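Colleague: upload.cif is reproduced in full below (mmCIF, C-alpha atoms).
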```cif
data_entry
#
loop_
_atom_site.label_atom_id
_atom_site.label_comp_id
_atom_site.auth_asym_id
_atom_site.auth_seq_id
_atom_site.Cartn_x
_atom_site.Cartn_y
_atom_site.Cartn_z
CA MET S 1 148.58 -62.54 69.01
CA THR S 2 150.64 -65.56 67.93
CA LEU S 3 153.45 -67.10 69.98
CA ASP S 4 156.04 -65.87 67.44
CA THR S 5 154.72 -62.31 67.69
CA PHE S 6 154.80 -62.46 71.48
CA LEU S 7 158.38 -63.79 71.58
CA THR S 8 159.55 -61.20 69.05
CA GLY S 9 157.95 -58.45 71.08
CA LEU S 10 159.64 -59.79 74.19
CA VAL S 11 163.02 -59.53 72.44
CA TYR S 12 162.32 -55.91 71.48
CA LEU S 13 161.19 -55.11 75.02
CA THR S 14 164.36 -56.66 76.45
CA SER S 15 166.52 -54.60 74.10
CA ALA S 16 164.68 -51.45 75.18
CA LEU S 17 165.25 -52.31 78.86
CA VAL S 18 168.97 -52.76 78.15
CA LEU S 19 169.00 -49.26 76.66
CA LEU S 20 167.28 -47.89 79.76
CA VAL S 21 169.94 -49.46 81.97
CA PHE S 22 172.66 -48.02 79.73
CA GLY S 23 170.94 -44.64 79.94
CA LYS S 24 170.89 -44.83 83.75
CA LEU S 25 174.57 -45.76 83.93
CA THR S 26 175.43 -42.89 81.59
CA PHE S 27 173.38 -40.46 83.66
CA ASP S 28 175.16 -41.58 86.83
CA ARG S 29 178.63 -41.46 85.31
CA LEU S 30 178.19 -37.95 83.93
CA ARG S 31 176.80 -36.64 87.23
CA PRO S 32 178.95 -38.07 90.02
CA ARG S 33 177.39 -35.62 92.51
CA PHE S 34 173.97 -37.16 91.87
CA VAL S 35 173.99 -40.21 94.15
CA LEU S 36 170.45 -41.30 93.33
CA LYS S 37 169.99 -43.83 96.11
CA LYS S 38 171.08 -41.33 98.75
CA GLU S 39 169.24 -38.31 97.32
CA LEU S 40 165.98 -40.08 96.52
CA PHE S 41 165.62 -42.50 99.43
CA GLU S 42 167.61 -40.92 102.25
CA ASN S 43 167.39 -37.18 101.57
CA ASP S 44 163.94 -37.37 99.89
CA ASN S 45 165.03 -34.80 97.29
CA PRO S 46 161.93 -33.92 95.19
CA ALA S 47 163.91 -31.75 92.77
CA LEU S 48 166.20 -34.60 91.75
CA ALA S 49 163.26 -37.02 91.59
CA THR S 50 161.51 -34.66 89.17
CA ALA S 51 164.57 -34.29 86.94
CA VAL S 52 165.33 -38.02 86.90
CA ALA S 53 161.70 -38.90 86.14
CA GLY S 54 161.87 -36.56 83.15
CA TYR S 55 165.13 -38.18 82.01
CA TYR S 56 163.68 -41.69 82.05
CA LEU S 57 160.48 -40.57 80.33
CA GLY S 58 162.51 -38.76 77.68
CA LEU S 59 164.62 -41.87 77.13
CA VAL S 60 161.52 -44.04 76.76
CA LEU S 61 160.04 -41.60 74.22
CA ALA S 62 163.29 -41.65 72.22
CA VAL S 63 163.42 -45.46 72.24
CA GLY S 64 159.72 -45.54 71.34
CA GLY S 65 160.52 -43.83 68.06
CA LEU S 66 162.91 -46.67 67.26
CA LEU S 67 160.38 -49.37 68.13
CA SER S 68 157.41 -47.79 66.37
CA GLY S 69 158.86 -47.83 62.85
CA PRO S 70 158.39 -50.62 60.30
CA SER S 71 160.40 -53.79 60.86
CA THR S 72 163.27 -54.72 58.54
CA GLY S 73 163.88 -58.08 60.22
CA LEU S 74 164.75 -59.01 63.78
CA VAL S 75 168.53 -58.84 63.42
CA ASP S 76 168.52 -55.53 61.53
CA ASP S 77 165.99 -54.10 63.98
CA LEU S 78 168.16 -55.01 66.97
CA LEU S 79 171.21 -53.45 65.31
CA ASP S 80 169.26 -50.26 64.67
CA ILE S 81 167.96 -50.20 68.24
CA GLY S 82 171.52 -50.60 69.53
CA ILE S 83 173.08 -47.95 67.28
CA TYR S 84 170.30 -45.38 67.39
CA GLY S 85 169.57 -46.09 71.05
CA PHE S 86 173.19 -45.38 71.96
CA ALA S 87 172.97 -42.13 69.99
CA ALA S 88 169.71 -41.25 71.74
CA VAL S 89 171.32 -41.61 75.18
CA VAL S 90 174.22 -39.39 74.09
CA LEU S 91 171.89 -36.74 72.65
CA LEU S 92 169.66 -36.78 75.72
CA ASN S 93 172.63 -36.03 77.95
CA LEU S 94 173.95 -33.39 75.56
CA SER S 95 170.58 -31.69 75.79
CA ALA S 96 171.04 -31.45 79.55
CA TRP S 97 174.35 -29.67 78.99
CA ILE S 98 172.64 -27.22 76.61
CA ASN S 99 169.88 -26.65 79.15
CA ASP S 100 172.45 -25.96 81.88
CA ARG S 101 174.80 -23.79 79.83
CA VAL S 102 172.44 -21.94 77.50
CA ILE S 103 168.79 -22.02 78.60
CA LEU S 104 169.43 -21.74 82.37
CA ARG S 105 172.86 -20.18 82.00
CA LYS S 106 172.83 -17.78 84.95
CA PHE S 107 173.21 -20.30 87.76
CA ASP S 108 174.48 -23.78 88.63
CA ASN S 109 171.68 -26.26 87.98
CA GLN S 110 173.30 -29.07 89.94
CA LYS S 111 173.61 -26.81 92.98
CA GLU S 112 169.98 -25.77 92.64
CA ILE S 113 168.83 -29.40 92.50
CA LEU S 114 171.13 -30.94 95.10
CA ASP S 115 171.77 -28.19 97.63
CA ASP S 116 168.65 -26.02 97.28
CA ARG S 117 166.31 -28.90 96.33
CA ASN S 118 164.77 -26.51 93.81
CA VAL S 119 161.79 -28.31 92.28
CA GLY S 120 161.36 -25.52 89.72
CA THR S 121 164.80 -26.27 88.30
CA GLY S 122 164.00 -29.98 88.40
CA ALA S 123 160.80 -29.38 86.43
CA ILE S 124 162.69 -27.46 83.74
CA GLU S 125 165.34 -30.19 83.53
CA ALA S 126 162.54 -32.75 83.20
CA GLY S 127 160.86 -30.67 80.49
CA SER S 128 164.13 -30.48 78.56
CA PHE S 129 164.63 -34.25 78.78
CA ILE S 130 161.06 -35.02 77.69
CA ALA S 131 161.28 -32.50 74.83
CA THR S 132 164.51 -34.06 73.60
CA GLY S 133 163.07 -37.56 73.86
CA LEU S 134 160.13 -36.47 71.73
CA MET S 135 162.29 -34.89 69.02
CA VAL S 136 164.74 -37.81 68.91
CA GLY S 137 161.85 -40.28 68.74
CA GLY S 138 160.33 -38.33 65.87
CA ALA S 139 163.60 -38.16 63.95
CA ALA S 140 164.20 -41.90 64.47
CA SER S 141 160.75 -42.93 63.22
CA GLY S 142 160.00 -43.89 59.65
CA GLN S 143 162.39 -44.92 56.91
CA GLY S 144 164.97 -43.18 54.74
CA GLY S 145 166.81 -41.41 57.55
CA ASP S 146 170.11 -42.17 59.24
CA LEU S 147 172.24 -40.96 62.11
CA LEU S 148 172.96 -37.73 60.25
CA THR S 149 169.28 -36.84 59.90
CA MET S 150 168.69 -37.78 63.53
CA LEU S 151 171.54 -35.54 64.64
CA ALA S 152 170.40 -32.70 62.38
CA PHE S 153 166.82 -32.65 63.66
CA TRP S 154 168.02 -32.99 67.24
CA GLY S 155 170.26 -29.95 66.72
CA LEU S 156 167.43 -27.98 65.13
CA GLY S 157 165.15 -28.99 67.98
CA GLN S 158 167.64 -27.79 70.57
CA GLY S 159 167.77 -24.47 68.74
CA VAL S 160 163.98 -24.27 69.02
CA LEU S 161 164.18 -24.85 72.78
CA VAL S 162 166.78 -22.10 73.15
CA LEU S 163 164.75 -19.65 71.04
CA GLY S 164 161.57 -20.59 72.90
CA GLY S 165 163.30 -19.94 76.21
CA LEU S 166 164.51 -16.53 75.06
CA ALA S 167 161.05 -15.63 73.75
CA TYR S 168 159.41 -16.72 77.02
CA ASP S 169 161.84 -14.64 79.05
CA LEU S 170 161.41 -11.58 76.83
CA THR S 171 157.60 -11.70 76.79
CA SER S 172 157.11 -12.49 80.48
CA PRO S 173 156.62 -9.68 83.02
CA PHE S 174 159.24 -11.38 85.21
CA ASP S 175 162.85 -12.55 84.83
CA LEU S 176 162.86 -16.31 84.25
CA HIS S 177 166.26 -16.91 85.84
CA ASP S 178 165.55 -14.79 88.89
CA GLU S 179 162.26 -16.57 89.56
CA VAL S 180 163.70 -20.06 89.08
CA GLU S 181 166.72 -19.28 91.26
CA ARG S 182 164.45 -18.17 94.09
CA ASP S 183 162.88 -21.65 94.02
CA ASN S 184 159.71 -20.63 92.18
CA VAL S 185 158.07 -23.99 91.43
CA ALA S 186 155.19 -22.35 89.55
CA VAL S 187 157.46 -20.73 86.95
CA GLY S 188 159.45 -23.96 86.66
CA LEU S 189 156.31 -25.97 85.91
CA ALA S 190 155.07 -23.43 83.36
CA PHE S 191 158.40 -23.19 81.55
CA GLY S 192 158.97 -26.94 81.69
CA GLY S 193 155.59 -27.42 80.00
CA LEU S 194 156.60 -24.95 77.31
CA LEU S 195 159.77 -26.95 76.60
CA VAL S 196 157.73 -30.16 76.27
CA ALA S 197 155.34 -28.40 73.87
CA LEU S 198 158.22 -27.13 71.72
CA GLY S 199 159.77 -30.60 71.73
CA ASN S 200 156.48 -32.09 70.55
CA LEU S 201 156.30 -29.58 67.69
CA ALA S 202 159.86 -30.51 66.71
CA ARG S 203 158.78 -34.18 66.83
CA LEU S 204 155.85 -33.48 64.52
CA GLY S 205 158.13 -31.69 62.08
CA SER S 206 160.50 -34.65 61.80
CA LEU S 207 158.00 -37.49 62.18
CA GLY S 208 157.70 -40.17 59.50
CA ASP S 209 159.79 -41.10 56.49
CA PHE S 210 162.70 -38.95 55.39
CA GLU S 211 162.02 -37.89 51.80
CA SER S 212 164.58 -35.14 51.20
CA TRP S 213 166.21 -32.31 53.09
CA SER S 214 164.03 -29.72 51.38
CA VAL S 215 160.77 -31.56 52.08
CA ASN S 216 161.51 -32.54 55.66
CA LEU S 217 163.13 -29.25 56.65
CA GLY S 218 160.13 -27.46 55.17
CA SER S 219 157.78 -29.56 57.28
CA PHE S 220 159.91 -28.99 60.36
CA GLY S 221 160.00 -25.25 59.83
CA ALA S 222 156.25 -25.06 59.25
CA TYR S 223 155.35 -26.86 62.49
CA VAL S 224 157.82 -24.85 64.53
CA ALA S 225 156.68 -21.54 63.02
CA VAL S 226 153.02 -22.32 63.66
CA GLY S 227 153.84 -23.37 67.19
CA LEU S 228 155.91 -20.31 68.04
CA LEU S 229 153.08 -18.12 66.76
CA LEU S 230 150.25 -19.96 68.48
CA LEU S 231 151.77 -20.86 71.86
CA PRO S 232 151.81 -17.22 73.05
CA VAL S 233 148.16 -17.04 71.97
CA VAL S 234 147.49 -20.04 74.19
CA ARG S 235 149.00 -18.21 77.13
CA VAL S 236 146.61 -15.29 76.59
CA ALA S 237 143.65 -17.63 75.98
CA VAL S 238 144.25 -19.46 79.25
CA ASP S 239 144.29 -16.11 81.03
CA ARG S 240 141.19 -14.71 79.35
CA LEU S 241 139.01 -17.77 78.72
CA LEU S 242 139.88 -20.53 81.17
CA VAL S 243 140.54 -18.40 84.24
CA PRO S 244 138.66 -15.14 83.66
CA GLY S 245 139.31 -12.48 86.23
CA ALA S 246 142.82 -13.71 87.02
CA ARG S 247 146.22 -13.35 85.40
CA LEU S 248 148.49 -16.38 85.40
CA ALA S 249 151.63 -14.23 85.33
CA ASP S 250 150.53 -12.61 88.59
CA GLU S 251 149.77 -15.99 90.14
CA LEU S 252 153.18 -17.34 89.14
CA THR S 253 155.01 -14.60 91.00
CA GLN S 254 152.56 -13.35 93.63
CA LYS S 255 154.11 -12.00 96.81
CA GLY S 256 152.14 -14.31 99.04
CA GLY S 257 153.87 -17.26 97.44
CA PRO S 258 153.91 -18.56 93.84
CA ASN S 259 150.84 -20.55 92.84
CA ALA S 260 152.16 -23.93 91.69
CA GLY S 261 148.68 -24.85 90.44
CA ALA S 262 148.70 -21.90 88.07
CA GLY S 263 152.12 -22.94 86.79
CA LEU S 264 150.90 -26.48 86.19
CA LEU S 265 147.85 -25.13 84.36
CA GLU S 266 149.95 -22.92 82.08
CA GLY S 267 152.47 -25.68 81.35
CA THR S 268 149.68 -28.16 80.59
CA ALA S 269 148.01 -25.64 78.29
CA TYR S 270 151.20 -25.38 76.23
CA VAL S 271 151.45 -29.17 75.89
CA ALA S 272 147.76 -29.46 75.01
CA ALA S 273 148.13 -26.76 72.37
CA SER S 274 151.05 -28.59 70.75
CA LEU S 275 148.97 -31.78 70.62
CA LEU S 276 146.01 -29.95 69.06
CA ILE S 277 148.30 -28.37 66.48
CA GLY S 278 149.56 -31.81 65.52
CA TRP S 279 146.07 -33.21 65.15
CA ALA S 280 144.64 -30.21 63.32
CA VAL S 281 147.43 -29.16 60.94
#
```
As a first step, turn the structure in this file into structure tokens.
Modeller:
Amino acid sequence: MTLDTFLTGLVYLTSALVLLVFGKLTFDRLRPRFVLKKELFENDNPALATAVAGYYLGLVLAVGGLLSGPSTGLVDDLLDIGIYGFAAVVLLNLSAWINDRVILRKFDNQKEILDDRNVGTGAIEAGSFIATGLMVGGAASGQGGDLLTMLAFWGLGQGVLVLGGLAYDLTSPFDLHDEVERDNVAVGLAFGGLLVALGNLARLGSLGDFESWSVNLGSFGAYVAVGLLLLPVVRVAVDRLLVPGARLADELTQKGGPNAGAGLLEGTAYVAASLLIGWAV
């Protein structure tokens, strides 16, 4: 590594840190009830900590898509990081609104996180943030795209999250909203993992150079279709192959208390499946 390369990298890193600070300020301004210092260090609120950790990770993944593409010169790169990074922060926070109003529409998410300290809700919020960061990072990578393509693939990705949530609720032997509202951490972890997996599939579908709407939308649709078909198979495979003799759905909602470990296992299986799909297809 030469000195020039190191100094250039330091400039990029500084610009990314500025975006993270802007993202934090935006998060705070849009959620005046979330006093992070009080909730995290005085009230020891694990639900808010989980959601905020997902937000920062999602923001880093979005910014990573900007930094990973080919360089067009330091000045142009910094302009792109500023413009697309600002858009990424806006889209990340819009995704939270969609999660609150559409995916988890039957209750007040802020109440669940602040008043009930519902870690399951925090895990789903975190999954939504990470999923959005993945899809924004994918849409921002490569060359040939612009803010319009980034916005389009973000919107399509949010549609995938909504459809995935509906499919999960319809195919599960329990009501997603009821379980999350009763502070079921296991279901929150499982569903949060599903959102991350769907976000990764959306990332794969928009990753790389933008060639044309027909080509890139075709790629996006193919990855999402394969994922929506295979992810339910993963759920069955985890039940039958990895934990024979037990049913994850029963463990997630058992009367003796939901099994958070089973929820983590199911959520991780979804994410792992999305990674394998990306490497194999």
Colleague: Quick one: pull the distance between atom CA of S:Trp279 and atom CA of S:Asn200, Å, one decimal.
Modeller: 11.8 Å
Colleague: Using all atoms listed in the file, pick whichever of S:Gly155, S:Pro232, S:Gly193, S:Gly138 has the shortest atom-to-atom distance to S:Ala167.
Modeller: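 Among the listed residues, the smallest separation from S:Ala167 belongs to S:Pro232.
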Colleague: Could you expand the PyMOL selection byres ((chain S and resi 137) around 8) into the explicit residues it covers here, written as a JSON list (two decimals) with C-alpha atoms, keeping the file's coordinate frame?
Modeller:
```
[["chain", "number", "residue", "atom", "x", "y", "z"],
["S", 61, "LEU", "CA", 160.04, -41.60, 74.22],
["S", 62, "ALA", "CA", 163.29, -41.65, 72.22],
["S", 63, "VAL", "CA", 163.42, -45.46, 72.24],
["S", 64, "GLY", "CA", 159.72, -45.54, 71.34],
["S", 65, "GLY", "CA", 160.52, -43.83, 68.06],
["S", 66, "LEU", "CA", 162.91, -46.67, 67.26],
["S", 133, "GLY", "CA", 163.07, -37.56, 73.86],
["S", 134, "LEU", "CA", 160.13, -36.47, 71.73],
["S", 135, "MET", "CA", 162.29, -34.89, 69.02],
["S", 136, "VAL", "CA", 164.74, -37.81, 68.91],
["S", 138, "GLY", "CA", 160.33, -38.33, 65.87],
["S", 139, "ALA", "CA", 163.60, -38.16, 63.95],
["S", 140, "ALA", "CA", 164.20, -41.90, 64.47],
["S", 141, "SER", "CA", 160.75, -42.93, 63.22],
["S", 203, "ARG", "CA", 158.78, -34.18, 66.83]]
```
Colleague: Could you list the residues chosen by the PyMOL selection byres ((chain S and resi 157) around 9) in this structure as a list in words?
Modeller: Ala131, Thr132, Met135, Val136, Ala152, Phe153, Trp154, Gly155, Leu156, Gln158, Gly159, Val160, Leu161, Val162, Leu198, Gly199, Leu201, Ala202 and Arg203 of chain S
Colleague: Quick one: of S:Leu19, S:Leu48, S:Tyr270, S:Gly208, who's nearest to S:Val236, counting all atoms listed in the file?
Modeller: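 Residue with the minimum atom-to-atom distance to S:Val236: S:Tyr270.
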Colleague: Can you list, as an MDAnalysis selection string, every protein, DNA or RNA residue that comes within 12 Å of S:Val215 when you count all atoms listed in the file, leaving out same-chain residues fewer than 6 positions away?
Modeller: chainID S and resid 205:206 208:209 221:222
Colleague: Between atom CA of S:Leu207 and atom CA of S:Gly142, measure the distance and give it in Å to one decimal.
Modeller: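 It comes out at 7.2 Å.
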Colleague: Give me stretch 187-206 of chain S with N, CA and C atoms filled in, as a tab-separated table (two decimals), in the frame of the given file.
Modeller:
```tsv
chain	number	residue	atom	x	y	z
S	187	VAL	N	156.80	-21.12	88.20
S	187	VAL	CA	157.46	-20.73	86.95
S	187	VAL	C	158.17	-21.93	86.34
S	188	GLY	N	158.79	-22.76	87.17
S	188	GLY	CA	159.45	-23.96	86.66
S	188	GLY	C	158.50	-24.90	85.95
S	189	LEU	N	157.31	-25.10	86.53
S	189	LEU	CA	156.31	-25.97	85.91
S	189	LEU	C	155.80	-25.39	84.60
S	190	ALA	N	155.56	-24.08	84.57
S	190	ALA	CA	155.07	-23.43	83.36
S	190	ALA	C	156.10	-23.51	82.25
S	191	PHE	N	157.35	-23.19	82.57
S	191	PHE	CA	158.40	-23.19	81.55
S	191	PHE	C	158.75	-24.61	81.12
S	192	GLY	N	158.74	-25.54	82.06
S	192	GLY	CA	158.97	-26.94	81.69
S	192	GLY	C	157.92	-27.44	80.72
S	193	GLY	N	156.65	-27.05	80.94
S	193	GLY	CA	155.59	-27.42	80.00
S	193	GLY	C	155.81	-26.81	78.63
S	194	LEU	N	156.30	-25.58	78.59
S	194	LEU	CA	156.60	-24.95	77.31
S	194	LEU	C	157.67	-25.73	76.55
S	195	LEU	N	158.72	-26.17	77.25
S	195	LEU	CA	159.77	-26.95	76.60
S	195	LEU	C	159.21	-28.25	76.02
S	196	VAL	N	158.34	-28.92	76.78
S	196	VAL	CA	157.73	-30.16	76.27
S	196	VAL	C	156.91	-29.87	75.02
S	197	ALA	N	156.16	-28.77	75.03
S	197	ALA	CA	155.34	-28.40	73.87
S	197	ALA	C	156.22	-28.14	72.64
S	198	LEU	N	157.31	-27.42	72.84
S	198	LEU	CA	158.22	-27.13	71.72
S	198	LEU	C	158.87	-28.42	71.22
S	199	GLY	N	159.21	-29.32	72.14
S	199	GLY	CA	159.77	-30.60	71.73
S	199	GLY	C	158.78	-31.43	70.92
S	200	ASN	N	157.50	-31.35	71.30
S	200	ASN	CA	156.48	-32.09	70.55
S	200	ASN	C	156.31	-31.51	69.15
S	201	LEU	N	156.39	-30.19	69.02
S	201	LEU	CA	156.30	-29.58	67.69
S	201	LEU	C	157.49	-29.99	66.83
S	202	ALA	N	158.68	-30.04	67.45
S	202	ALA	CA	159.86	-30.51	66.71
S	202	ALA	C	159.68	-31.97	66.29
S	203	ARG	N	159.07	-32.77	67.17
S	203	ARG	CA	158.78	-34.18	66.83
S	203	ARG	C	157.86	-34.27	65.62
S	204	LEU	N	156.80	-33.46	65.63
S	204	LEU	CA	155.85	-33.48	64.52
S	204	LEU	C	156.53	-33.09	63.21
S	205	GLY	N	157.46	-32.14	63.29
S	205	GLY	CA	158.13	-31.69	62.08
S	205	GLY	C	159.09	-32.70	61.48
S	206	SER	N	159.55	-33.65	62.30
S	206	SER	CA	160.50	-34.65	61.80
S	206	SER	C	159.92	-36.05	61.75
```
